[in-house]
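Student: Contents of target29.csv (CSV, C-alpha atoms and all ligand atoms):
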```
chain,number,residue,atom,x,y,z
A,4,ASP,CA,0.0,0.0,0.0
A,5,ALA,CA,0.9,3.7,0.1
A,6,LEU,CA,2.9,3.5,3.3
A,7,GLU,CA,4.9,0.5,2.0
A,8,ARG,CA,5.8,2.6,-1.0
A,9,LEU,CA,6.9,5.4,1.3
A,10,ALA,CA,8.9,3.1,3.5
A,11,ALA,CA,10.7,1.7,0.4
A,12,GLU,CA,12.1,5.2,-0.3
A,13,ILE,CA,13.5,5.6,3.2
A,14,ASP,CA,16.8,4.2,4.3
A,15,ARG,CA,19.6,5.5,6.5
A,16,ASP,CA,21.3,7.1,3.5
A,17,ALA,CA,18.3,9.1,2.4
A,18,THR,CA,17.7,12.6,3.8
A,19,VAL,CA,14.3,12.5,5.3
A,20,VAL,CA,12.5,15.5,6.7
A,21,ALA,CA,9.1,15.6,8.4
A,22,LEU,CA,6.9,18.7,8.6
A,23,THR,CA,4.2,18.4,11.3
A,24,GLY,CA,1.0,20.3,12.2
A,25,ALA,CA,-1.7,20.3,14.8
A,26,GLY,CA,-2.9,16.9,13.7
A,27,ILE,CA,0.1,15.1,15.2
A,28,SER,CA,-0.8,16.5,18.6
A,29,ALA,CA,-4.5,16.0,18.3
A,30,PRO,CA,-4.4,12.4,19.7
A,31,SER,CA,-2.6,13.9,22.8
A,32,GLY,CA,-5.7,16.0,23.3
A,33,VAL,CA,-4.3,19.3,22.0
A,34,PRO,CA,-7.0,21.1,20.0
A,35,THR,CA,-6.5,21.7,16.3
A,36,PHE,CA,-7.0,25.1,14.7
A,37,ARG,CA,-9.2,24.2,11.8
A,38,GLY,CA,-11.9,21.6,11.1
A,39,GLU,CA,-14.6,20.3,13.4
A,40,ASP,CA,-14.2,21.8,16.9
A,41,GLY,CA,-11.0,23.6,15.8
A,42,VAL,CA,-9.9,26.6,18.0
A,43,TRP,CA,-10.8,29.1,15.3
A,44,GLU,CA,-14.4,28.0,15.6
A,45,HIS,CA,-14.5,29.4,19.2
A,46,PHE,CA,-12.0,32.2,18.8
A,47,ASP,CA,-11.6,35.0,16.3
A,48,GLU,CA,-8.3,34.7,14.5
A,49,GLY,CA,-8.3,38.4,14.0
A,50,GLN,CA,-7.9,39.1,17.7
A,51,PHE,CA,-4.5,37.4,17.8
A,52,THR,CA,-2.6,39.4,15.2
A,53,TYR,CA,0.8,41.1,15.6
A,54,GLY,CA,-0.9,44.4,14.7
A,55,ARG,CA,-3.3,44.1,17.6
A,56,PHE,CA,-0.5,43.1,20.0
A,57,ARG,CA,1.3,46.3,19.1
A,58,SER,CA,-1.7,48.6,19.2
A,59,ASP,CA,-3.7,47.1,22.1
A,60,PRO,CA,-1.4,44.8,24.2
A,61,GLU,CA,-3.8,44.9,27.1
A,62,GLY,CA,-6.8,43.6,25.0
A,63,PHE,CA,-4.5,41.2,23.2
A,64,TRP,CA,-3.3,39.7,26.4
A,65,ALA,CA,-6.8,39.5,27.9
A,66,ASP,CA,-7.9,37.4,24.9
A,67,ARG,CA,-4.7,35.5,24.8
A,68,VAL,CA,-5.1,34.2,28.3
A,69,ALA,CA,-8.5,32.7,27.3
A,70,LEU,CA,-6.9,31.2,24.2
A,71,GLN,CA,-4.0,29.8,26.2
A,72,ARG,CA,-6.4,28.1,28.6
A,73,GLU,CA,-8.2,26.5,25.6
A,74,LEU,CA,-5.0,25.4,24.0
A,75,PHE,CA,-2.8,24.5,27.0
A,76,GLY,CA,-5.1,24.4,30.0
A,77,GLU,CA,-4.0,20.9,30.7
A,78,GLU,CA,-0.7,19.1,30.5
A,79,TYR,CA,-0.2,17.0,27.4
A,80,GLU,CA,2.0,13.9,26.8
A,81,PRO,CA,3.6,13.0,23.5
A,82,ASN,CA,1.6,10.2,21.7
A,83,ALA,CA,2.6,7.2,19.6
A,84,ALA,CA,3.1,9.4,16.5
A,85,HIS,CA,5.6,11.8,18.3
A,86,GLU,CA,7.3,8.7,19.8
A,87,ALA,CA,7.6,7.0,16.4
A,88,LEU,CA,9.2,10.0,14.8
A,89,ALA,CA,11.6,10.4,17.8
A,90,ALA,CA,12.5,6.7,17.4
A,91,MET,CA,13.1,7.1,13.6
A,92,GLY,CA,15.4,9.9,14.5
A,93,ARG,CA,17.4,7.9,17.0
A,94,ASP,CA,17.6,5.0,14.5
A,95,GLY,CA,19.0,7.2,11.7
A,96,TYR,CA,15.9,7.2,9.5
A,97,LEU,CA,14.8,10.9,10.1
A,98,ASP,CA,17.1,13.9,9.6
A,99,ALA,CA,14.9,16.8,10.8
A,100,VAL,CA,11.5,17.7,12.2
A,101,LEU,CA,10.0,21.0,11.1
A,102,THR,CA,7.0,21.7,13.2
A,103,GLN,CA,4.3,24.4,13.1
A,104,ASN,CA,3.2,23.3,16.6
A,105,THR,CA,4.0,25.4,19.6
A,106,ASP,CA,3.3,22.6,22.2
A,107,GLY,CA,6.9,21.3,22.6
A,108,LEU,CA,5.7,17.7,22.3
A,109,HIS,CA,8.4,16.6,19.8
A,110,ARG,CA,11.1,17.8,22.2
A,111,ASP,CA,9.4,15.9,25.0
A,112,ALA,CA,9.2,12.7,22.9
A,113,ALA,CA,12.9,13.1,22.0
A,114,ASP,CA,13.9,13.8,25.6
A,115,GLY,CA,11.7,11.1,27.0
A,116,ALA,CA,13.9,8.3,25.9
A,117,ASP,CA,17.0,9.7,27.5
A,118,GLY,CA,15.3,10.9,30.7
A,119,GLY,CA,14.5,14.5,29.9
A,120,ASP,CA,12.4,16.5,32.2
A,121,GLY,CA,9.3,16.7,30.0
A,122,ALA,CA,8.9,20.4,30.6
A,123,ASN,CA,7.5,21.0,27.1
A,124,GLY,CA,10.7,22.9,26.3
A,125,ALA,CA,9.5,25.8,28.3
A,126,ALA,CA,12.2,26.6,30.7
A,127,GLU,CA,14.7,28.5,28.6
A,128,ASP,CA,15.5,31.5,30.7
A,129,GLY,CA,17.9,33.9,29.3
A,130,LYS,CA,17.7,33.0,25.6
A,131,ARG,CA,17.8,36.1,23.5
A,132,GLU,CA,16.0,36.9,20.3
A,133,ASP,CA,19.3,37.3,18.5
A,134,ASP,CA,20.4,33.9,19.7
A,135,PRO,CA,20.6,31.7,16.6
A,136,GLY,CA,19.3,28.9,18.7
A,137,ALA,CA,16.0,30.6,19.3
A,138,GLY,CA,13.3,28.3,17.8
A,139,ASP,CA,16.0,25.9,16.7
A,140,ASP,CA,15.7,23.2,19.3
A,141,THR,CA,18.7,21.1,18.3
A,142,PRO,CA,19.9,19.0,21.1
A,143,ALA,CA,23.6,19.9,21.5
A,144,GLY,CA,26.1,17.2,20.6
A,145,THR,CA,23.6,14.3,20.7
A,146,GLY,CA,23.6,13.7,17.0
A,147,GLU,CA,19.8,13.6,17.1
A,148,PRO,CA,17.8,15.3,14.4
A,149,PRO,CA,17.0,19.0,14.9
A,150,ILE,CA,13.5,20.0,15.8
A,151,LEU,CA,12.8,23.4,14.2
A,152,GLU,CA,9.8,25.2,15.8
A,153,LEU,CA,8.7,27.4,12.9
A,154,HIS,CA,5.9,29.1,15.0
A,155,GLY,CA,7.8,29.3,18.3
A,156,ASN,CA,6.9,27.8,21.6
A,157,ALA,CA,3.7,28.7,23.4
A,158,ARG,CA,5.0,27.5,26.8
A,159,ARG,CA,7.4,30.5,26.8
A,160,VAL,CA,7.2,34.3,26.7
A,161,ARG,CA,9.7,36.7,25.4
A,162,CYS,CA,10.3,40.3,26.4
A,163,THR,CA,9.9,42.6,23.4
A,164,ASP,CA,12.5,45.0,24.7
A,165,CYS,CA,15.4,43.0,26.2
A,166,GLY,CA,14.6,39.8,24.4
A,167,ARG,CA,14.7,37.6,27.5
A,168,ARG,CA,12.8,34.4,27.2
A,169,ARG,CA,11.3,32.6,30.1
A,170,ASP,CA,8.8,30.0,31.2
A,171,GLY,CA,5.3,31.3,30.3
A,172,ASP,CA,3.2,29.7,33.1
A,173,PRO,CA,3.9,32.3,35.8
A,174,ILE,CA,3.4,35.1,33.3
A,175,PHE,CA,0.1,33.8,32.0
A,176,ASP,CA,-1.0,33.4,35.7
A,177,ARG,CA,-0.1,37.1,36.3
A,178,ALA,CA,-2.1,38.1,33.2
A,179,ALA,CA,-5.1,36.0,34.3
A,180,GLU,CA,-5.0,37.8,37.6
A,181,GLY,CA,-5.3,41.2,35.8
A,182,ASP,CA,-1.7,42.2,35.3
A,183,LEU,CA,-2.2,43.4,31.7
A,184,PRO,CA,-0.1,43.5,29.8
A,185,PRO,CA,2.5,41.6,31.8
A,186,THR,CA,5.9,43.3,31.8
A,187,CYS,CA,9.5,42.2,32.2
A,188,ASP,CA,11.9,43.5,35.0
A,189,CYS,CA,13.3,45.8,32.3
A,190,GLY,CA,9.9,47.4,31.7
A,191,GLY,CA,9.3,45.8,28.3
A,192,ILE,CA,6.1,44.0,27.5
A,193,TYR,CA,6.1,40.3,27.3
A,194,LYS,CA,4.8,38.5,24.2
A,195,PRO,CA,3.9,34.8,24.0
A,196,ASP,CA,7.0,33.3,22.2
A,197,VAL,CA,5.0,32.3,19.2
A,198,VAL,CA,4.7,33.8,15.7
A,199,LEU,CA,1.5,35.8,15.5
A,200,PHE,CA,-0.5,36.4,12.3
A,201,GLY,CA,1.1,39.2,10.5
A,202,GLU,CA,4.5,38.6,12.2
A,203,GLN,CA,7.7,37.5,10.5
A,204,LEU,CA,8.8,34.0,11.2
A,205,PRO,CA,12.3,33.7,12.8
A,206,GLY,CA,14.5,34.2,9.8
A,207,ALA,CA,17.4,31.9,10.7
A,208,VAL,CA,15.0,29.0,11.5
A,209,VAL,CA,13.0,29.4,8.3
A,210,GLN,CA,16.2,29.6,6.2
A,211,ARG,CA,17.5,26.4,7.8
A,212,ALA,CA,14.1,24.7,7.3
A,213,ARG,CA,14.1,25.7,3.6
A,214,THR,CA,17.6,24.3,3.1
A,215,LEU,CA,16.6,21.0,4.8
A,216,THR,CA,13.5,20.9,2.6
A,217,ARG,CA,15.4,21.4,-0.6
A,218,ASP,CA,18.1,18.9,0.4
A,219,SER,CA,15.5,16.2,1.3
A,220,ASP,CA,15.1,13.0,-0.6
A,221,VAL,CA,11.9,12.2,1.2
A,222,PHE,CA,9.6,14.9,2.6
A,223,LEU,CA,6.7,13.9,4.8
A,224,ALA,CA,3.9,16.3,5.6
A,225,ILE,CA,2.1,15.0,8.7
A,226,GLY,CA,-1.1,16.2,10.3
A,227,SER,CA,-1.2,19.7,8.8
A,228,SER,CA,-4.0,21.3,6.8
A,229,LEU,CA,-1.1,22.9,4.7
A,230,VAL,CA,-2.8,26.2,4.3
A,231,VAL,CA,-0.6,28.5,6.4
A,232,GLU,CA,2.5,29.9,4.7
A,233,PRO,CA,5.4,29.5,4.5
A,234,ALA,CA,5.2,25.9,5.7
A,235,ALA,CA,2.4,25.1,3.3
A,236,SER,CA,4.8,25.6,0.4
A,237,PHE,CA,7.5,23.3,1.8
A,238,PRO,CA,6.1,20.1,0.3
A,239,ARG,CA,6.0,21.6,-3.2
A,240,GLU,CA,9.5,23.0,-2.8
A,241,ALA,CA,10.8,19.6,-1.7
A,242,GLY,CA,9.0,18.0,-4.7
A,243,ALA,CA,10.4,20.6,-7.1
A,244,THR,CA,14.0,19.8,-6.0
A,245,GLY,CA,13.5,16.0,-6.4
A,246,ALA,CA,12.1,14.7,-3.1
A,247,THR,CA,9.5,12.0,-2.9
A,248,VAL,CA,6.6,13.8,-1.1
A,249,GLY,CA,4.3,12.0,1.2
A,250,VAL,CA,1.2,13.3,2.9
A,251,VAL,CA,-0.2,11.7,6.1
A,252,ASN,CA,-3.5,13.1,7.1
A,253,LEU,CA,-7.0,12.1,8.1
A,254,GLU,CA,-8.4,14.4,5.5
A,255,SER,CA,-7.4,15.7,2.0
A,256,THR,CA,-5.0,18.6,1.8
A,257,PRO,CA,-4.3,21.1,-1.0
A,258,VAL,CA,-0.9,19.3,-1.6
A,259,ASP,CA,-2.4,15.8,-2.2
A,260,GLY,CA,-2.5,16.3,-6.0
A,261,ALA,CA,1.2,17.2,-6.1
A,262,ALA,CA,2.3,14.5,-3.6
A,263,ASP,CA,3.8,11.1,-4.7
A,264,VAL,CA,2.2,9.3,-1.8
A,265,VAL,CA,-1.0,10.2,0.1
A,266,TYR,CA,-1.8,8.1,3.2
A,267,ARG,CA,-5.1,8.8,4.8
A,268,ASP,CA,-5.0,7.6,8.4
A,269,ASP,CA,-4.7,8.6,12.0
A,270,VAL,CA,-1.1,9.6,12.8
A,271,THR,CA,-1.0,7.3,15.7
A,272,GLU,CA,-1.6,4.4,13.4
A,273,ALA,CA,0.4,5.6,10.4
A,274,LEU,CA,3.7,6.5,12.0
A,275,PRO,CA,4.2,3.5,14.3
A,276,ARG,CA,3.4,1.4,11.2
A,277,LEU,CA,5.9,3.3,9.1
A,278,ARG,CA,8.5,2.8,11.8
A,279,SER,CA,8.0,-0.9,12.0
A,280,LEU,CA,8.1,-1.2,8.2
A,281,LEU,CA,11.5,0.5,8.3
A,282,GLU,CA,12.7,-1.9,11.0
A,283,ARG,CA,11.5,-4.9,9.1
A,284,GLY,CA,13.2,-3.6,6.0
A,285,ALA,CA,16.5,-3.2,7.9
A,286,ASP,CA,16.2,-6.7,9.3
A,287,GLY,CA,15.3,-8.3,5.9
B,1,LIG,P1,-4.8,22.7,11.4
B,1,LIG,O1,-5.7,22.7,12.5
B,1,LIG,O2,-5.1,23.7,10.3
B,1,LIG,O3,-4.9,21.3,10.6
B,1,LIG,C1,-4.8,20.1,11.3
B,1,LIG,C2,-4.8,18.9,10.3
B,1,LIG,O4,-4.6,17.7,11.0
B,1,LIG,C3,-6.0,18.8,9.5
B,1,LIG,O5,-5.7,18.7,8.2
B,1,LIG,C4,-6.6,17.5,10.0
B,1,LIG,O6,-7.3,16.7,9.0
B,1,LIG,C5,-5.4,16.7,10.5
B,1,LIG,N1,-5.6,15.8,11.6
B,1,LIG,C6,-6.3,16.0,12.8
B,1,LIG,N2,-6.2,14.9,13.6
B,1,LIG,C7,-5.5,14.0,12.9
B,1,LIG,C8,-5.0,12.7,13.3
B,1,LIG,N3,-5.3,12.1,14.4
B,1,LIG,N4,-4.3,12.0,12.4
B,1,LIG,C9,-4.0,12.6,11.2
B,1,LIG,N5,-4.3,13.9,10.8
B,1,LIG,C10,-5.1,14.5,11.7
B,1,LIG,O7,-3.3,22.8,11.9
B,1,LIG,P2,-2.0,23.3,11.2
B,1,LIG,O8,-1.9,22.8,9.8
B,1,LIG,O9,-0.9,22.9,12.1
B,1,LIG,O10,-0.4,29.0,13.4
B,1,LIG,O11,-2.2,24.8,11.2
B,1,LIG,C11,-1.1,25.6,10.8
B,1,LIG,C12,-1.1,26.9,11.6
B,1,LIG,O12,-2.3,27.5,11.7
B,1,LIG,C13,-0.8,26.7,13.1
B,1,LIG,O13,0.6,26.5,13.4
B,1,LIG,C14,-1.3,28.0,13.7
B,1,LIG,C15,-2.6,28.0,13.0
B,1,LIG,O14,-3.2,29.3,12.9
B,1,LIG,C16,0.1,29.8,14.3
B,1,LIG,O15,-0.2,29.7,15.5
B,1,LIG,C17,1.0,30.9,13.8
```
In C-alpha cells, what does this structure look like?
Ligand code: OAD
Tutor:
Amino acid sequence: DALERLAAEIDRDATVVALTGAGISAPSGVPTFRGEDGVWEHFDEGQFTYGRFRSDPEGFWADRVALQRELFGEEYEPNAAHEALAAMGRDGYLDAVLTQNTDGLHRDAADGADGGDGANGAAEDGKREDDPGAGDDTPAGTGEPPILELHGNARRVRCTDCGRRRDGDPIFDRAAEGDLPPTCDCGGIYKPDVVLFGEQLPGAVVQRARTLTRDSDVFLAIGSSLVVEPAASFPREAGATGATVGVVNLESTPVDGAADVVYRDDVTEALPRLRSLLERGADG
C-alpha cells in the first residue's frame, strides 16, 4: 500500500524531513485550529494578530489568556506518533522535524527516551531573540535530528525589549489575575513566544528549514492542513527539488494532488506502522 511505497524510499542514507502540524498533537488532546471543533471556531483569529499586540497589548493579552487556557489548559503527553518520529530519528531514518506546533511535544518525545524533564521545552530562561538557537531546538552534541519550531513555543514568553525568554506559566498566571499586559523587569512588554498572524517567522529558522526541505530525498507532511505559509509551500518546494513527497492526514489537503504518496489515516496508526516497516526492511 501507500505506506509501504513510502517506506521503500526511506533508508539510513536518504535525507528524510518531516513537517508536522496540529494533527500530530490532536491524539494527545491538543485542540487543532481548523476543522470540526477547531480553535478558530470558538475564537476570532483576527484578535491574535501582531498588529493588535502592538496597538492594544492589554486587550490582546486578555484574549490570549483565554486562548492559552483553551490550547494549553492541561498538561499533554507525547503520543505514539511523536514517539515513532523520535525513534526514527534515533535510529537514523529521520534527519529533521520541522513543526508548526508550539506545544513542545516533539522535544518531550525526543527527551523522554533519555530521561529529559518533560517540561515542554518551556524553561529557557535567558535565551535572547538574536540567539541563533531561538526556535532551533537542536539537542547539542547528541547527533539527534534537529526540531525546528517554525511558529515558536507557546509555553514560553519573550520580552519585546530586552529579548529575554522565560517560562510562560507564571506570566500567564499574572495576566489571568489582571496584570495586563505583563511586563519584564526591564519594563518591556512580554509577548507569547509564538509567531502571531502578520508577524515575521524567525529568519534563521526558516532559512534552515528551507535548506533541509530542498536537500531532502523524502519529505513527509504529517497532520497539517497545509494552508498557512510558508510551511504550506515546503512540500511543493521539496518535490520541485526532487524529493519524494508523502502526505499523512485524516483528510485531504491542497498538496495531495502534487504528492507522490498520500496516506489517509490517523497519525498514531500511520507513524508507528511506518517505523515498523523500516525496521523490518532493515532486518530483511
Ligand atoms: P490545522 O488545525 O489547520 O490542521 C490540522 C490537520 O490535522 C487537519 O488537516 C486534520 O485533518 C489533521 N488531523 C487532525 N487529527 C489528525 C489525526 N489524528 N491524524 C492525522 N491527521 C489529523 O493545523 P496546522 O496545519 O498545524 O499558526 O495549522 C497551521 C497553523 O495555523 C498553526 O501553526 C497555527 C494556525 O493558525 C500559528 O499559530 C501561527
Student: What lies within 12 Å of Ala243 of chain A using all atoms listed in the file, ignoring chain neighbours under 3 positions off, as a list in words?
Tutor: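 Residues near the query, excluding close chain neighbours: Thr216, Arg217, Asp218, Ser219, Asp220, Val221, Phe222, Ser236, Phe237, Pro238, Arg239, Glu240, Ala246, Thr247, Val248, Ala261, Ala262 and Asp263 of chain A.
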Student: At a cut-off of 12 Å, using all atoms listed in the file, what residues contact Gly92 of chain A? Leave out same-chain residues fewer than 4 positions from it and give the result as a PyMOL selection string.
Tutor: chain A and resi 14-15+18-21+85-88+96-100+109-110+112-114+116+145-150+278+281
Student: Please determine the residues with any atom at most 12 Å from (-11.6, 34.4, 15.1) (coordinates as given in the file, with all atoms listed in the file counting) and report them as a PyMOL selection string.
Tutor: chain A and resi 36-37+41-52+66-67+70+200
Student: In Å, with one decimal, what is the gap from atom CA of Ala212 of chain A to atom CA of Leu274 of chain A?
Tutor: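 Separating atom CA of Ala212 of chain A from atom CA of Leu274 of chain A is a distance of 21.5 Å.
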Student: Within 7 Å of ligand LIG 1 (chain B) (counting all atoms listed in the file), which residues show up? I'd like them as a PDB file with C-alpha atoms, in the frame of the given file.
Tutor:
```
ATOM      1  CA  THR A  23       4.200  18.400  11.300  1.00  0.00           C
ATOM      2  CA  GLY A  24       1.000  20.300  12.200  1.00  0.00           C
ATOM      3  CA  ALA A  25      -1.700  20.300  14.800  1.00  0.00           C
ATOM      4  CA  GLY A  26      -2.900  16.900  13.700  1.00  0.00           C
ATOM      5  CA  ILE A  27       0.100  15.100  15.200  1.00  0.00           C
ATOM      6  CA  ALA A  29      -4.500  16.000  18.300  1.00  0.00           C
ATOM      7  CA  PRO A  30      -4.400  12.400  19.700  1.00  0.00           C
ATOM      8  CA  THR A  35      -6.500  21.700  16.300  1.00  0.00           C
ATOM      9  CA  PHE A  36      -7.000  25.100  14.700  1.00  0.00           C
ATOM     10  CA  ARG A  37      -9.200  24.200  11.800  1.00  0.00           C
ATOM     11  CA  GLY A  38     -11.900  21.600  11.100  1.00  0.00           C
ATOM     12  CA  GLY A  41     -11.000  23.600  15.800  1.00  0.00           C
ATOM     13  CA  GLN A 103       4.300  24.400  13.100  1.00  0.00           C
ATOM     14  CA  ASN A 104       3.200  23.300  16.600  1.00  0.00           C
ATOM     15  CA  HIS A 154       5.900  29.100  15.000  1.00  0.00           C
ATOM     16  CA  VAL A 197       5.000  32.300  19.200  1.00  0.00           C
ATOM     17  CA  VAL A 198       4.700  33.800  15.700  1.00  0.00           C
ATOM     18  CA  LEU A 199       1.500  35.800  15.500  1.00  0.00           C
ATOM     19  CA  PHE A 200      -0.500  36.400  12.300  1.00  0.00           C
ATOM     20  CA  ILE A 225       2.100  15.000   8.700  1.00  0.00           C
ATOM     21  CA  GLY A 226      -1.100  16.200  10.300  1.00  0.00           C
ATOM     22  CA  SER A 227      -1.200  19.700   8.800  1.00  0.00           C
ATOM     23  CA  SER A 228      -4.000  21.300   6.800  1.00  0.00           C
ATOM     24  CA  LEU A 229      -1.100  22.900   4.700  1.00  0.00           C
ATOM     25  CA  VAL A 230      -2.800  26.200   4.300  1.00  0.00           C
ATOM     26  CA  VAL A 231      -0.600  28.500   6.400  1.00  0.00           C
ATOM     27  CA  VAL A 251      -0.200  11.700   6.100  1.00  0.00           C
ATOM     28  CA  ASN A 252      -3.500  13.100   7.100  1.00  0.00           C
ATOM     29  CA  LEU A 253      -7.000  12.100   8.100  1.00  0.00           C
ATOM     30  CA  GLU A 254      -8.400  14.400   5.500  1.00  0.00           C
ATOM     31  CA  THR A 256      -5.000  18.600   1.800  1.00  0.00           C
ATOM     32  CA  ASP A 268      -5.000   7.600   8.400  1.00  0.00           C
ATOM     33  CA  ASP A 269      -4.700   8.600  12.000  1.00  0.00           C
ATOM     34  CA  VAL A 270      -1.100   9.600  12.800  1.00  0.00           C
ATOM     35  CA  THR A 271      -1.000   7.300  15.700  1.00  0.00           C
TER      36      THR A 271
END
```
Student: Please compute the atom CA of Gly115 of chain A-atom CA of Leu151 of chain A distance, one decimal, in Å.
Tutor: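 That distance, rounded to one decimal, is 17.8 Å.
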Student: Could you tell me how far atom CA of Ala69 of chain A sits from atom CA of Asp176 of chain A, in Å to one decimal place?
Tutor: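 Computing the Euclidean distance for atom CA of Asp176 of chain A and atom CA of Ala69 of chain A yields 11.3 Å.
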Student: I'd like the contact shell of Tyr193 of chain A - 7 Å cut-off, all atoms listed in the file, skipping same-chain residues fewer than 5 positions apart - returned as a list of chain:residue names.
Tutor: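 Counting all atoms listed in the file, the residues come to A:Val160, A:Arg161, A:Cys162, A:Thr163, A:Pro185, A:Thr186, A:Cys187.
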Student: Considering only C-alpha atoms, state which residue in the set A:Pro233, A:Leu223, A:Leu204, A:Gly245 is at the smallest distance from Asp259 of chain A.
Tutor: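 Among A:Pro233, A:Leu223, A:Leu204, A:Gly245, it is A:Leu223 that comes nearest to Asp259 of chain A.
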Student: Need the neighbours of (-1.6, 33.0, 27.7): which residues are at most 6 Å away, counting only C-alpha atoms, as a ChimeraX atom specification?
Tutor: /A:67-68,71,175
Student: With all atoms listed in the file as the atoms that count, which of A:Arg211, A:Lys194, A:Arg267, A:Arg72 lies nearest to Ala224 of chain A?
Tutor: A:Arg267
Student: Between A:Phe63, A:Val265, A:Pro173, A:Leu22, which one has atoms that come closest to Leu101 of chain A, using all atoms listed in the file?
Tutor: A:Leu22
